[in-house]
>>> print(open('start.txt').read())   # compact mmCIF, C-alpha atoms and all ligand atoms
# COMPACT_ATOMS: atom_id res chain seq x y z
CA MET G 3 6.92 158.35 -27.92
CA PHE G 4 4.17 156.79 -25.89
CA ILE G 5 3.73 153.10 -26.67
CA MET G 6 0.48 151.50 -25.60
CA PRO G 7 -0.29 147.79 -25.37
CA ALA G 8 -2.10 146.34 -28.42
CA GLY G 9 -5.75 145.48 -28.46
CA GLU G 10 -9.27 146.75 -28.01
CA THR G 11 -9.14 146.05 -24.26
CA HIS G 12 -6.81 149.04 -23.93
CA LYS G 13 -9.06 151.52 -25.76
CA THR G 14 -10.23 152.81 -22.41
CA LEU G 15 -10.39 155.92 -20.27
CA GLU G 16 -7.65 154.36 -18.11
CA THR G 17 -5.22 154.48 -21.03
CA VAL G 18 -6.43 157.98 -21.89
CA GLN G 19 -5.75 159.13 -18.35
CA PHE G 20 -2.30 157.58 -18.47
CA ILE G 21 -1.54 159.57 -21.62
CA TYR G 22 -2.96 162.81 -20.14
CA ARG G 23 -0.52 162.45 -17.26
CA TRP G 24 2.32 161.53 -19.61
CA LEU G 25 1.62 164.69 -21.63
CA ALA G 26 1.34 166.82 -18.48
CA GLU G 27 4.67 165.54 -17.18
CA ARG G 28 6.27 166.53 -20.46
CA LYS G 29 4.59 169.96 -20.44
CA ALA G 30 2.78 169.41 -23.72
CA GLU G 31 1.53 172.66 -25.24
CA ARG G 32 -1.37 173.54 -27.49
CA GLY G 33 0.91 173.96 -30.48
CA HIS G 34 2.30 170.42 -30.18
CA LEU G 35 1.18 167.82 -32.67
CA ILE G 36 0.05 164.35 -31.62
CA VAL G 37 0.88 161.74 -34.24
CA ALA G 38 -1.09 158.48 -33.95
CA VAL G 39 0.88 155.61 -35.49
CA GLY G 40 -1.05 152.34 -35.42
CA GLY G 41 -4.33 150.63 -36.10
CA GLY G 42 -7.82 151.87 -35.35
CA VAL G 43 -7.38 151.39 -31.62
CA VAL G 44 -4.42 153.76 -31.50
CA GLY G 45 -6.07 156.22 -33.91
CA ASP G 46 -9.34 156.36 -31.97
CA LEU G 47 -7.61 156.70 -28.65
CA ALA G 48 -4.99 159.25 -29.69
CA GLY G 49 -7.67 161.25 -31.49
CA PHE G 50 -9.73 161.40 -28.32
CA VAL G 51 -6.70 162.49 -26.31
CA ALA G 52 -5.93 165.15 -28.93
CA ALA G 53 -9.53 166.37 -28.91
CA THR G 54 -9.64 166.79 -25.16
CA TYR G 55 -6.20 167.53 -23.72
CA LEU G 56 -5.83 171.32 -23.29
CA ARG G 57 -9.24 171.47 -25.04
CA GLY G 58 -7.62 170.31 -28.23
CA LEU G 59 -4.18 169.65 -29.70
CA PRO G 60 -3.58 169.26 -33.42
CA PHE G 61 -3.11 165.65 -34.43
CA ALA G 62 -2.25 163.49 -37.43
CA GLN G 63 -3.19 159.93 -38.26
CA VAL G 64 -0.65 157.43 -39.56
CA PRO G 65 -2.83 154.33 -39.96
CA THR G 66 -0.88 151.05 -40.13
CA SER G 67 -3.68 148.51 -40.47
CA LEU G 68 -5.81 148.17 -43.59
CA LEU G 69 -8.97 148.85 -41.60
CA ALA G 70 -7.49 152.02 -40.15
CA MET G 71 -6.31 153.22 -43.58
CA MET G 72 -9.66 152.69 -45.20
CA ASP G 73 -12.01 153.52 -42.37
CA ALA G 74 -10.96 154.44 -38.85
CA ALA G 75 -8.46 157.19 -39.72
CA ILE G 76 -10.94 158.94 -42.00
CA GLY G 77 -13.97 160.93 -40.96
CA GLY G 78 -12.83 162.46 -37.70
CA LYS G 79 -14.59 160.11 -35.33
CA CYS G 80 -12.64 159.16 -32.24
CA ALA G 81 -13.75 157.39 -29.11
CA VAL G 82 -12.93 155.01 -26.29
CA ASP G 83 -14.94 152.13 -24.86
CA LEU G 84 -16.75 151.77 -21.56
CA PRO G 85 -17.51 148.39 -19.96
CA GLN G 86 -21.13 149.08 -20.95
CA GLY G 87 -20.41 149.57 -24.62
CA LYS G 88 -18.03 150.36 -27.43
CA ASN G 89 -17.10 153.92 -28.44
CA LEU G 90 -19.44 155.48 -25.87
CA VAL G 91 -17.16 158.40 -25.01
CA GLY G 92 -15.70 160.36 -27.87
CA ALA G 93 -15.68 163.35 -30.14
CA PHE G 94 -15.73 164.41 -33.76
CA TYR G 95 -12.23 165.75 -34.23
CA GLN G 96 -10.51 165.92 -37.59
CA PRO G 97 -6.81 165.14 -37.95
CA LYS G 98 -4.63 167.75 -39.69
CA PHE G 99 -3.68 165.03 -42.14
CA VAL G 100 -3.76 161.28 -42.70
CA LEU G 101 -0.53 159.68 -43.88
CA SER G 102 -1.18 156.36 -45.57
CA ASP G 103 2.16 155.29 -47.05
CA ASP G 104 2.56 151.52 -47.97
CA GLU G 105 2.97 152.45 -51.52
CA ARG G 106 5.93 150.27 -52.47
CA GLU G 107 6.33 146.85 -51.00
CA THR G 108 10.03 146.03 -50.82
CA LEU G 109 10.22 142.74 -48.91
CA GLY G 110 9.07 140.69 -51.88
CA ILE G 111 6.25 139.01 -49.94
CA ARG G 112 3.45 140.62 -51.93
CA ILE G 113 4.11 138.06 -54.67
CA LEU G 114 2.48 135.46 -52.42
CA LEU G 115 -0.88 137.09 -53.18
CA ASN G 116 -0.38 135.81 -56.71
CA TYR G 117 -1.18 132.25 -55.68
CA GLY G 118 -3.22 130.81 -58.53
CA HIS G 119 -2.38 133.67 -60.87
CA THR G 120 0.23 132.01 -63.08
CA ILE G 121 -2.25 129.56 -64.59
CA GLY G 122 -5.15 131.97 -64.00
CA HIS G 123 -3.68 134.84 -66.02
CA ALA G 124 -2.64 132.45 -68.78
CA ILE G 125 -6.17 131.01 -69.02
CA GLU G 126 -7.59 134.53 -69.23
CA ALA G 127 -5.14 135.48 -71.97
CA ALA G 128 -5.55 132.24 -73.94
CA THR G 129 -9.34 132.60 -73.93
CA GLY G 130 -9.25 136.25 -75.03
CA TYR G 131 -10.42 137.51 -71.62
CA GLY G 132 -13.97 136.64 -72.57
CA SER G 133 -14.69 133.26 -70.98
CA PHE G 134 -13.62 133.58 -67.35
CA LEU G 135 -13.88 136.39 -64.85
CA HIS G 136 -10.48 137.10 -63.30
CA GLY G 137 -11.46 135.50 -60.00
CA GLU G 138 -12.79 132.42 -61.76
CA ALA G 139 -9.54 131.96 -63.68
CA VAL G 140 -7.56 132.40 -60.45
CA SER G 141 -9.71 129.73 -58.82
CA VAL G 142 -8.80 127.28 -61.58
CA GLY G 143 -5.19 128.42 -61.23
CA MET G 144 -5.27 127.72 -57.50
CA MET G 145 -6.48 124.21 -58.21
CA GLY G 146 -3.60 123.76 -60.68
CA ALA G 147 -1.06 125.18 -58.24
CA ALA G 148 -2.35 122.85 -55.52
CA ARG G 149 -1.96 119.81 -57.81
CA ILE G 150 1.56 120.91 -58.70
CA GLY G 151 2.34 121.35 -55.00
CA GLU G 152 0.93 117.90 -54.29
CA ALA G 153 3.07 116.29 -56.99
CA MET G 154 6.12 118.06 -55.60
CA GLY G 155 5.44 116.70 -52.10
CA MET G 156 4.54 120.08 -50.64
CA MET G 157 0.84 119.49 -50.07
CA SER G 158 -0.97 116.39 -48.89
CA SER G 159 -3.98 115.13 -50.82
CA ASP G 160 -6.13 116.00 -47.79
CA GLU G 161 -4.97 119.61 -48.00
CA VAL G 162 -5.67 119.75 -51.72
CA GLU G 163 -9.12 118.38 -51.03
CA ARG G 164 -9.69 121.02 -48.35
CA GLN G 165 -8.87 123.77 -50.82
CA ARG G 166 -10.99 122.13 -53.52
CA SER G 167 -14.06 121.94 -51.30
CA LEU G 168 -13.56 125.54 -50.14
CA LEU G 169 -13.46 126.87 -53.71
CA GLU G 170 -16.42 124.65 -54.59
CA SER G 171 -18.44 125.98 -51.66
CA TYR G 172 -18.09 129.47 -53.14
CA GLY G 173 -19.38 128.23 -56.48
CA LEU G 174 -16.03 128.91 -58.15
CA PRO G 175 -14.85 126.87 -61.13
CA LEU G 176 -12.25 124.20 -60.38
CA THR G 177 -11.35 123.32 -63.96
CA CYS G 178 -11.28 125.17 -67.25
CA GLY G 179 -12.75 122.68 -69.69
CA GLU G 180 -11.23 121.95 -73.08
CA MET G 181 -8.43 124.37 -73.63
CA ASP G 182 -5.62 125.06 -76.10
CA ILE G 183 -2.82 123.90 -73.79
CA ALA G 184 -0.09 125.26 -76.05
CA ALA G 185 -1.71 128.70 -75.96
CA VAL G 186 -1.98 128.59 -72.15
CA SER G 187 1.66 127.46 -71.82
CA ASN G 188 2.75 130.21 -74.16
CA ALA G 189 0.81 132.83 -72.23
CA MET G 190 2.46 131.64 -69.02
CA LEU G 191 5.87 132.57 -70.42
CA SER G 192 4.66 136.16 -70.79
CA ASP G 193 3.94 136.27 -67.07
CA LYS G 194 5.65 139.20 -65.34
CA LYS G 195 7.19 136.81 -62.82
CA VAL G 196 9.19 134.92 -65.46
CA ALA G 197 12.95 135.40 -65.15
CA GLY G 198 15.39 133.63 -67.49
CA ARG G 199 12.41 131.71 -68.94
CA ALA G 200 11.84 130.11 -65.52
CA ILE G 201 8.37 130.70 -64.11
CA ARG G 202 8.33 131.77 -60.48
CA TRP G 203 5.46 129.74 -59.08
CA VAL G 204 3.63 130.62 -55.91
CA LEU G 205 2.89 127.29 -54.22
CA LEU G 206 1.68 126.24 -50.81
CA ASP G 207 4.00 124.38 -48.51
CA GLY G 208 0.96 123.25 -46.58
CA ILE G 209 -2.07 125.44 -45.99
CA GLY G 210 -1.20 128.91 -44.74
CA ASN G 211 2.42 128.76 -45.87
CA ALA G 212 2.82 130.22 -49.33
CA THR G 213 6.25 130.15 -50.91
CA THR G 214 7.83 130.60 -54.34
CA ARG G 215 9.50 127.95 -56.48
CA ASN G 216 11.16 128.25 -59.87
CA ASP G 217 11.96 124.55 -60.30
CA VAL G 218 8.57 123.20 -61.35
CA PRO G 219 9.24 120.74 -64.21
CA PRO G 220 7.55 121.81 -67.48
CA GLU G 221 6.16 118.26 -67.90
CA LEU G 222 4.36 118.58 -64.56
CA VAL G 223 2.87 121.91 -65.64
CA HIS G 224 1.77 120.33 -68.91
CA SER G 225 0.11 117.35 -67.25
CA THR G 226 -1.59 119.65 -64.73
CA LEU G 227 -3.02 121.81 -67.52
CA GLU G 228 -4.18 118.66 -69.32
CA ARG G 229 -5.91 117.53 -66.17
CA LEU G 230 -7.71 120.86 -65.69
CA SER G 231 -8.67 120.83 -69.34
CA ARG G 232 -10.17 117.31 -68.90
CA ASP G 233 -12.32 118.80 -66.12
CA GLU G 234 -10.50 116.88 -63.41
CA PRO G 235 -9.89 119.23 -60.47
N1 LIG J 1 -13.13 156.07 -35.84
C1 LIG J 1 -13.74 155.38 -36.75
O1 LIG J 1 -14.43 155.91 -37.62
C2 LIG J 1 -13.57 153.88 -36.75
C3 LIG J 1 -14.02 153.14 -37.85
C4 LIG J 1 -13.81 151.77 -37.84
C5 LIG J 1 -13.18 151.15 -36.78
N2 LIG J 1 -12.77 151.89 -35.72
C6 LIG J 1 -12.09 151.29 -34.58
O2 LIG J 1 -10.88 150.73 -35.04
C7 LIG J 1 -10.51 149.67 -34.15
C8 LIG J 1 -10.08 148.48 -34.98
O3 LIG J 1 -8.97 148.86 -35.74
P1 LIG J 1 -7.91 147.78 -36.28
O4 LIG J 1 -8.62 146.72 -37.00
O5 LIG J 1 -6.84 148.56 -36.97
O6 LIG J 1 -7.41 147.10 -34.94
P2 LIG J 1 -6.15 147.38 -34.03
O7 LIG J 1 -5.86 148.83 -33.89
O8 LIG J 1 -6.35 146.59 -32.80
O9 LIG J 1 -4.98 146.77 -34.89
C9 LIG J 1 -5.06 145.40 -35.29
C10 LIG J 1 -3.79 144.68 -34.95
O10 LIG J 1 -2.78 145.16 -35.78
C11 LIG J 1 -1.62 145.40 -35.02
N3 LIG J 1 -0.89 146.49 -35.63
C12 LIG J 1 -1.42 147.62 -36.14
N4 LIG J 1 -0.45 148.39 -36.62
C13 LIG J 1 0.72 147.73 -36.41
C14 LIG J 1 2.06 148.02 -36.68
N5 LIG J 1 2.43 149.16 -37.26
N6 LIG J 1 2.98 147.13 -36.35
C15 LIG J 1 2.62 145.97 -35.74
N7 LIG J 1 1.35 145.64 -35.45
C16 LIG J 1 0.43 146.51 -35.77
C17 LIG J 1 -2.12 145.77 -33.64
O11 LIG J 1 -1.18 145.51 -32.65
C18 LIG J 1 -3.35 144.90 -33.50
O12 LIG J 1 -3.02 143.66 -32.92
C19 LIG J 1 -11.70 149.38 -33.28
O13 LIG J 1 -11.46 149.90 -31.99
C20 LIG J 1 -12.83 150.14 -33.96
O14 LIG J 1 -13.80 150.58 -33.04
C21 LIG J 1 -12.94 153.24 -35.70
>>> encode(input="start.txt", output="structure tokens")
Amino acid sequence: MFIMPAGETHKTLETVQFIYRWLAERKAERGHLIVAVGGGVVGDLAGFVAATYLRGLPFAQVPTSLLAMMDAAIGGKCAVDLPQGKNLVGAFYQPKFVLSDDERETLGIRILLNYGHTIGHAIEAATGYGSFLHGEAVSVGMMGAARIGEAMGMMSSDEVERQRSLLESYGLPLTCGEMDIAAVSNAMLSDKKVAGRAIRWVLLDGIGNATTRNDVPPELVHSTLERLSRDEP
């Protein structure tokens, strides 16, 4: 295993030469497979090494950044940078295969992407999926979650305001207008994250620090929904 330092500054002929020597010392043969495990920097660099060492070794891409999975590992382009410019020395060289395998998230952190979704999904359901686009409902839900976080002492009013102005700057709705609160509350209990009738809320413990809580008082949820329904963000 050859481990290279992270970052674009290492996508250079110097690193390539280091790997050539590393392969030569280990008597790499044409039949050996190079497996590039990493982001686009590793994929581009390892692909170039594979294309050129011994006039070509088979190689495989195992992209581990989203960009590499969706772009860099696909298409067979590989290159390194020169001081004069990016990707100036390279080749078109297809990998034998691309292994993109993040299929099941097991750490439980993916739930944090559901910030704003508990109220958002419920608003979508309660309005028959016809009034709000998904992203719009999530925006309203984020506003609700921020108010809940504020009331629970997790977010300052300045932080809530920062989020509010950000959503507003994208032209997203901050409130839902008059709403059947009972229907929204009922829809929330059908949320997939409910366990033992307790809703698992994704809240912010300050900006950039999402966390989950299942102890949000129902009265606080109710008053937050009322507020959103009165068009008060
Ligand atoms: N060949 C192509 O067609 C093509 C297309 C688009 C981009 N690119 C190239 O891709 C590069 C950018 O790719 P990128 O955004 O993946 O950047 P990157 O390879 O620098 O990776 C981004 C960050 O993620 C970290 N990382 C990646 N995998 C990790 C892992 N398994 N564990 C821990 N940390 C990990 C890296 O250390 C790095 O800090 C650029 O050099 C660009 O030129 C190539």
>>> residues_around(input="start.txt", residues="G:Gly42", least_positions_apart="5", cutoff="7 Å", atoms="all atoms listed in the file", output="PDB file with C-alpha atoms, in the frame of the given file")
ATOM      1  CA  ALA G  70      -7.490 152.020 -40.150  1.00  0.00           C
ATOM      2  CA  ALA G  74     -10.960 154.440 -38.850  1.00  0.00           C
ATOM      3  CA  ALA G  75      -8.460 157.190 -39.720  1.00  0.00           C
TER       4      ALA G  75
END
>>> closest_atom_pairs(input="start.txt", of="stretch 104-160 of chain G", to="stretch 206-222 of chain G", cutoff="9 Å", atoms="only C-alpha atoms", output="tab-separated table")
residue	atom	partner	partner_atom	distance
G:Ile111	CA	G:Thr213	CA	8.9
G:Ile113	CA	G:Thr214	CA	8.3
G:Leu114	CA	G:Ala212	CA	6.1
G:Leu115	CA	G:Ala212	CA	8.7
G:Tyr117	CA	G:Ala212	CA	7.8
G:Ala147	CA	G:Leu206	CA	8.0
G:Ala148	CA	G:Leu206	CA	7.1
G:Ile150	CA	G:Leu222	CA	6.9
G:Gly151	CA	G:Leu206	CA	6.5
G:Ala153	CA	G:Leu222	CA	8.0
G:Met154	CA	G:Val218	CA	8.1
G:Gly155	CA	G:Asp207	CA	8.6
G:Met156	CA	G:Asp207	CA	4.8
G:Met157	CA	G:Gly208	CA	5.1
G:Ser158	CA	G:Gly208	CA	7.5
>>> residues_near_ligand(input="start.txt", ligand="ligand LIG 1 (chain J)", cutoff="10 Å", atoms="all atoms listed in the file", output="PyMOL selection string")
chain G and resi 6-13+39-47+49-50+64-83+88-89+92-95
>>> residues_around(input="start.txt", residues="stretch 122-130 of chain G", least_positions_apart="4", cutoff="6 Å", atoms="only C-alpha atoms", output="PyMOL selection string")
chain G and resi 118+139-140+143+185-186+189-190
>>> atom_distance(input="start.txt", atom1="atom CA of G:Ser133", atom2="atom CA of G:Asp193")
19.3 Å
